[in-house]
Each structure stands twice: as structure tokens, then as C-alpha cells.
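*Asks:* One structure coming up, written as C-alpha cells, with questions to follow.
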Amino acid sequence: MRGRHFKSKKNRFIFPLILVLIVGGLGYWLYGNREGLFFATASTTENTSEQSTTSSSYSENETNNNETITSALSAAEYQNLSKDLLAPSGESFDTRLKLENFVGTALIVKNGQIILQQGYGYQDFANQKRNSVASLYQIGSVQKSLTATLIYKQIEAGRLTLDTPLSQFFPQIYGSENITIKQMLHMTSGLALPEIPLSVKNEAEVVNFAVNNAQIKYSGRFFYSPVNYVLLAGILRQITHTSYAQLIQQTFANQMGLKIIEYPNWYQNSNHTVSYGGKDAADYSQVVTEKNGQFVRELGTGNLAMTTGDLYWYYHQLLSGKLVNPTILNAAWQRETKATYNGGQYDKGLYLRANGMIASQHCMVLISKDGQNAVLLLSNHGNVLNHKTLMNELYQDLTGTIANF
């Protein structure tokens, strides 16, 4: 009994001892391999974290496409013209724009390199949306340059010449047999409208009003009158059997990839810039709206919206001979009078000047004839007189050329 009892007691201690040894050994193994296990866990966590970071980084890059680039980029690459950029050589220009309380988007190109492209002030103050490189501004009378280019392309196609008389299309206009396409491009036709059309609703009505009311007032000399370009738009409609709006889209949007927005669609576009009046650039209380029929009657002369980058690209392509045959362009730009207007802009010798204003939207361009140096300011607010002074000073600082905006 005693021996069996002892054996029984002995067995009771063996099993717990074995269990302790097993647990202890496992614990020792775990401790001894803790680094490998933790690295494995860490590695798995890192991989998960790395995938998460990559995904997060991708989303961040997608969201922050407009992060400011701090080095100059080639202006000969279209994709660069949609990037927010401030290079070291552009910092003095940035400072000046801020000191002048400029509101809008600025683009400055030096020796073929973009050194500044940024938004300033508000695109829509009520919704606290700031101007950016994507902001769309009405370019006003600068649109006449695009209309002129459409005419040049018809000359390229053999459907027109610079000497084609207006009477070939609108003989009902008195004296039209003595007015040429080139004179209309240069605004030396003498044509004028005695009144502004207030009730026109579409392209056909605008052209008909111009045809029925145009008069020759200042024959043989320069006289700035938008009716010339309304009639040129009417000629384009006749030749191509296409609306002016469709021609703009086909030539500049479809073929060149530019984001050109017509006035009805401009209001609905998320990058539409609200117009503000008043002399104080910090005051956004005076919202300016379109007057009755103001945009529709500006057929061919001032009802398109563009970004600074797209407007520069248009001029870059035009001046480099990629948009229009240089022989035709040079012939079209030959002066007939002392006036410097040559199809949408003014020829100032070493540079071109383009200026457009409508409904408190202001488009300003100074660009060298090779397109390598340029200052573009598109604004939805501000003092026009200050803008002109600012343009002159920016271009002179950029090129050393005394400008006269």
C-alpha cells in the first residue's frame, strides 16, 4: 500500500513537471527567436503600411496636381502650361504682382522657359475659391486674333485671298466692293455700326444686323470697330457652311487641344471666374454681371474664355509657324497705314501687344515675336490703369525692352 501510494504520488508530480518543461522550452524558443518573429510581423506590417502609403501618396498626388513647381519648365511643352509654377527667377515678378494686389492668373515666360504661372486673389469670393492656373477668363477683343487665324486658314485652303472684296459675300453693304479682307483684318475699312444690337439671340441674327447696319465712316485710315470681325465671322460661316462656334471648336479645341469655352458654357464651368468691379482689389462686394446680350453680340470679337496657359500656347503655335503658313501670316501682317493693328493684336516692332476687356474681365498680352518671352495677365478684378503700368514694368524687367501697353 505504501509503495503503491508513493508511486501514485510520484506520478502526480511528473505530469506537471513535464508541462512546465514544455511551456518553459516553448517560452525560451519564442524568446530566442523574438527578433525573427517581430521582424516577420514588422515586415508584414511594413508591407501593408508601404502599400497603404503608396496608395495614399498616389491619391495625394492626384489631389494636389497644382502643387507649386519650383524650377523653370519649357514653354514649348504644352503640358507644362497647366502647372502651378514659381521658379527662383520668377520670385521678383511674384513679389511685384502681390504688391500691386493683382487679382487673376499670371504667366511669365523667359527665354522659352516658364518662370511663373500662378493664381492671385479669388475666382469666386462667395465660395472662397481662389484663382489658379485652371481659371477661365473672358479674353475679350483678343479673340479677334483667333478669328483672323481662321481667315488665314481659309486663305491657305485657297477659298480666300487678302484682296478678296467684301462684296463677294455681302454686296448689300454700301461700298463693299472697295473693301478687302486685309482692310477688315487691319480695321482700315472705315466700317462702323451706328448702334449696338440689343435683341440679337444667335450668330445669324448678329451677322444680319451687321450687314444691314454697317456704314463706311472713316475710309482709308485706321478706325477700331468690332463690326469688321463680326463680318469676317459671317464670311467664315458662308465659306465653310459651318457655325463660327463649330469652327472655333474644330480648329482650336479638337485639333490643338485647347480648352476654349464659349460664353454660354463658361457660366456653368467649375473654373468660371466671377467678375468684380471697383478700384480696391481687396473689395469683392461689387459682382459684375453681363449686360443684356453683351456676349452674344460679340460674335468673332469677344465672347470666348481661356486659361493663361492655353492663350500662350495659341500665340506660341502661331508665331512658330505651326498654326498658319508663315508666308501667309507675314503677308497678312504687312502694314497698309501707320497703324500697328494687324489682326487681333498690335505690332510694336520687337513685340506684340494684345488687350481685351469685357464685363470686368481683362486679358493682357505682351509677347516677343519669336514667342520666347511673354507676360500674360488675365484678371477678373482690378484697376485697368494699374494693369497697364504693371504690364509695362513686368515686360521691361523681363526683356529690357521698354514696352507701351
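Letters A, B, ... go to the chains of the C-alpha cells in the order shown; residues in each chain start at 1; ligands are counted from 1 in the same order.
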Between range 125-194 of chain A and range 237-248 of chain A, at 9 Å or less, what are the per-residue closest atom pairs and their distances in Å? Count only C-alpha atoms, order by chain and rising residue number, and return it as CSV.
*Replies:*
residue,atom,partner,partner_atom,distance
A:Leu146,CA,A:Ile248,CA,8.1
A:Thr147,CA,A:Ile248,CA,8.3
A:Leu150,CA,A:Leu247,CA,7.9
A:Gln154,CA,A:Ile239,CA,8.4
A:Arg159,CA,A:Ile239,CA,7.4
A:Leu160,CA,A:Ile239,CA,8.9
A:Phe169,CA,A:Gln238,CA,7.7
*Asks:* Grab the residues selected above and save them as a compact mmCIF listing (two decimals), in the first residue's frame with C-alpha atoms.
*Replies:*
# COMPACT_ATOMS: atom_id res chain seq x y z
CA LEU A 146 -8.35 83.71 -83.34
CA THR A 147 -10.91 84.94 -85.86
CA LEU A 150 -9.49 81.20 -89.08
CA GLN A 154 -9.20 79.76 -95.42
CA ARG A 159 -11.02 79.86 -100.61
CA LEU A 160 -9.98 83.46 -99.96
CA PHE A 169 -20.14 87.90 -99.64
*Asks:* Excluding same-chain residues fewer than 4 positions from Leu107 in chain A, what lies within 8 Å of it counting only C-alpha atoms, as a list in words?
*Replies:*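 So, after excluding close chain neighbours, the residues are Ile114, Ile115, Leu116, Gln117, Gln118, Thr308, Gly309, Ala374, Val375, Leu376 and Leu377 of chain A.
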*Asks:* For all heavy atoms, I'd like the residues from the last selection saved as a short mmCIF file (atom, residue, chain, number, x, y, z; two decimals), in the first residue's frame.
*Replies:*
data_model
loop_
_atom_site.label_atom_id
_atom_site.label_comp_id
_atom_site.auth_asym_id
_atom_site.auth_seq_id
_atom_site.Cartn_x
_atom_site.Cartn_y
_atom_site.Cartn_z
N ILE A 114 9.09 78.71 -68.71
CA ILE A 114 8.08 79.24 -67.80
C ILE A 114 8.74 79.48 -66.46
O ILE A 114 9.26 78.56 -65.84
CB ILE A 114 6.91 78.25 -67.61
CG1 ILE A 114 6.34 77.84 -68.96
CG2 ILE A 114 5.83 78.84 -66.72
CD1 ILE A 114 5.44 76.60 -68.89
N ILE A 115 8.73 80.73 -66.01
CA ILE A 115 9.33 81.04 -64.71
C ILE A 115 8.28 81.38 -63.66
O ILE A 115 8.56 81.41 -62.47
CB ILE A 115 10.38 82.17 -64.81
CG1 ILE A 115 9.73 83.48 -65.28
CG2 ILE A 115 11.53 81.75 -65.72
CD1 ILE A 115 10.66 84.67 -65.17
N LEU A 116 7.05 81.66 -64.12
CA LEU A 116 5.96 81.93 -63.18
C LEU A 116 4.63 81.62 -63.86
O LEU A 116 4.39 82.05 -64.98
CB LEU A 116 5.99 83.40 -62.73
CG LEU A 116 4.94 83.84 -61.71
CD1 LEU A 116 5.48 84.99 -60.84
CD2 LEU A 116 3.64 84.30 -62.36
N GLN A 117 3.81 80.87 -63.19
CA GLN A 117 2.41 80.71 -63.58
C GLN A 117 1.62 80.39 -62.33
O GLN A 117 1.71 79.29 -61.78
CB GLN A 117 2.19 79.61 -64.64
CG GLN A 117 0.72 79.60 -65.08
CD GLN A 117 0.45 78.68 -66.25
OE1 GLN A 117 -0.39 78.98 -67.10
NE2 GLN A 117 1.12 77.56 -66.31
N GLN A 118 0.86 81.38 -61.86
CA GLN A 118 0.14 81.24 -60.60
C GLN A 118 -1.14 82.06 -60.60
O GLN A 118 -1.28 83.02 -61.36
CB GLN A 118 1.02 81.71 -59.44
CG GLN A 118 2.16 80.76 -59.09
CD GLN A 118 2.79 81.11 -57.75
OE1 GLN A 118 3.02 82.28 -57.44
NE2 GLN A 118 3.08 80.10 -56.95
N THR A 308 -4.61 81.14 -69.03
CA THR A 308 -3.37 81.81 -69.45
C THR A 308 -2.51 80.86 -70.27
O THR A 308 -1.94 81.25 -71.29
CB THR A 308 -2.56 82.31 -68.24
OG1 THR A 308 -2.37 81.22 -67.32
CG2 THR A 308 -3.24 83.46 -67.53
N GLY A 309 -2.41 79.62 -69.82
CA GLY A 309 -1.57 78.64 -70.50
C GLY A 309 -2.02 78.37 -71.92
O GLY A 309 -1.20 78.30 -72.85
N ALA A 374 7.34 86.38 -72.73
CA ALA A 374 5.94 86.79 -72.69
C ALA A 374 5.49 87.10 -71.27
O ALA A 374 5.95 86.49 -70.31
CB ALA A 374 5.04 85.71 -73.28
N VAL A 375 4.57 88.06 -71.18
CA VAL A 375 3.86 88.34 -69.94
C VAL A 375 2.37 88.29 -70.28
O VAL A 375 1.90 89.02 -71.16
CB VAL A 375 4.20 89.73 -69.37
CG1 VAL A 375 3.34 90.03 -68.14
CG2 VAL A 375 5.67 89.82 -69.00
N LEU A 376 1.65 87.41 -69.61
CA LEU A 376 0.20 87.31 -69.78
C LEU A 376 -0.46 87.50 -68.43
O LEU A 376 -0.14 86.78 -67.47
CB LEU A 376 -0.22 85.96 -70.36
CG LEU A 376 -0.03 85.72 -71.86
CD1 LEU A 376 1.43 85.40 -72.17
CD2 LEU A 376 -0.93 84.59 -72.35
N LEU A 377 -1.35 88.46 -68.34
CA LEU A 377 -2.14 88.67 -67.13
C LEU A 377 -3.62 88.60 -67.52
O LEU A 377 -4.08 89.38 -68.35
CB LEU A 377 -1.85 90.05 -66.51
CG LEU A 377 -0.42 90.35 -66.06
CD1 LEU A 377 -0.37 91.72 -65.39
CD2 LEU A 377 0.11 89.28 -65.12
#
*Asks:* Excluding range 287-300 of chain A and any residue of its chain fewer than 4 positions from it, enumerate the residues within 9 Å of it, using only C-alpha atoms, and give them as a PyMOL selection string.
*Replies:* chain A and resi 140-141+143-144+146-147+196-203+205-207+226+229-234+244-245+263-264+274-277+304+358-360
*Asks:* Point out the residue among A:His186, A:His362, A:Lys369, A:His381 with the least atom-to-atom distance to Thr340 in chain A, counting only C-alpha atoms.
*Replies:*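 Of the candidates, the smallest distance to Thr340 in chain A is held by A:His186.
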*Asks:* Set the distance at 6 Å and use only C-alpha atoms: which residues neighbour Asn355 in chain A once local chain neighbours fewer than 5 positions away are removed? I'd like the list as an NGL selection string.
*Replies:* :A and (142 or 363-364)
*Asks:* I need the residues in range 39-189 of chain A that are strand (DSSP E) according to DSSP; give them as a PyMOL selection string.
*Replies:* chain A and resi 73-74+85-86+103-110+113-120+122-124+129-130+137-138
*Asks:* Can you list, as a list in words, every protein, DNA or RNA residue that comes within 10 Å of Ser320 in chain A when you count only C-alpha atoms, leaving out same-chain residues fewer than 4 positions away?
*Replies:* Tyr315, His316, Val324, Asn325, Pro326, Lys369, Asp370, Gly371 and Gln372 of chain A
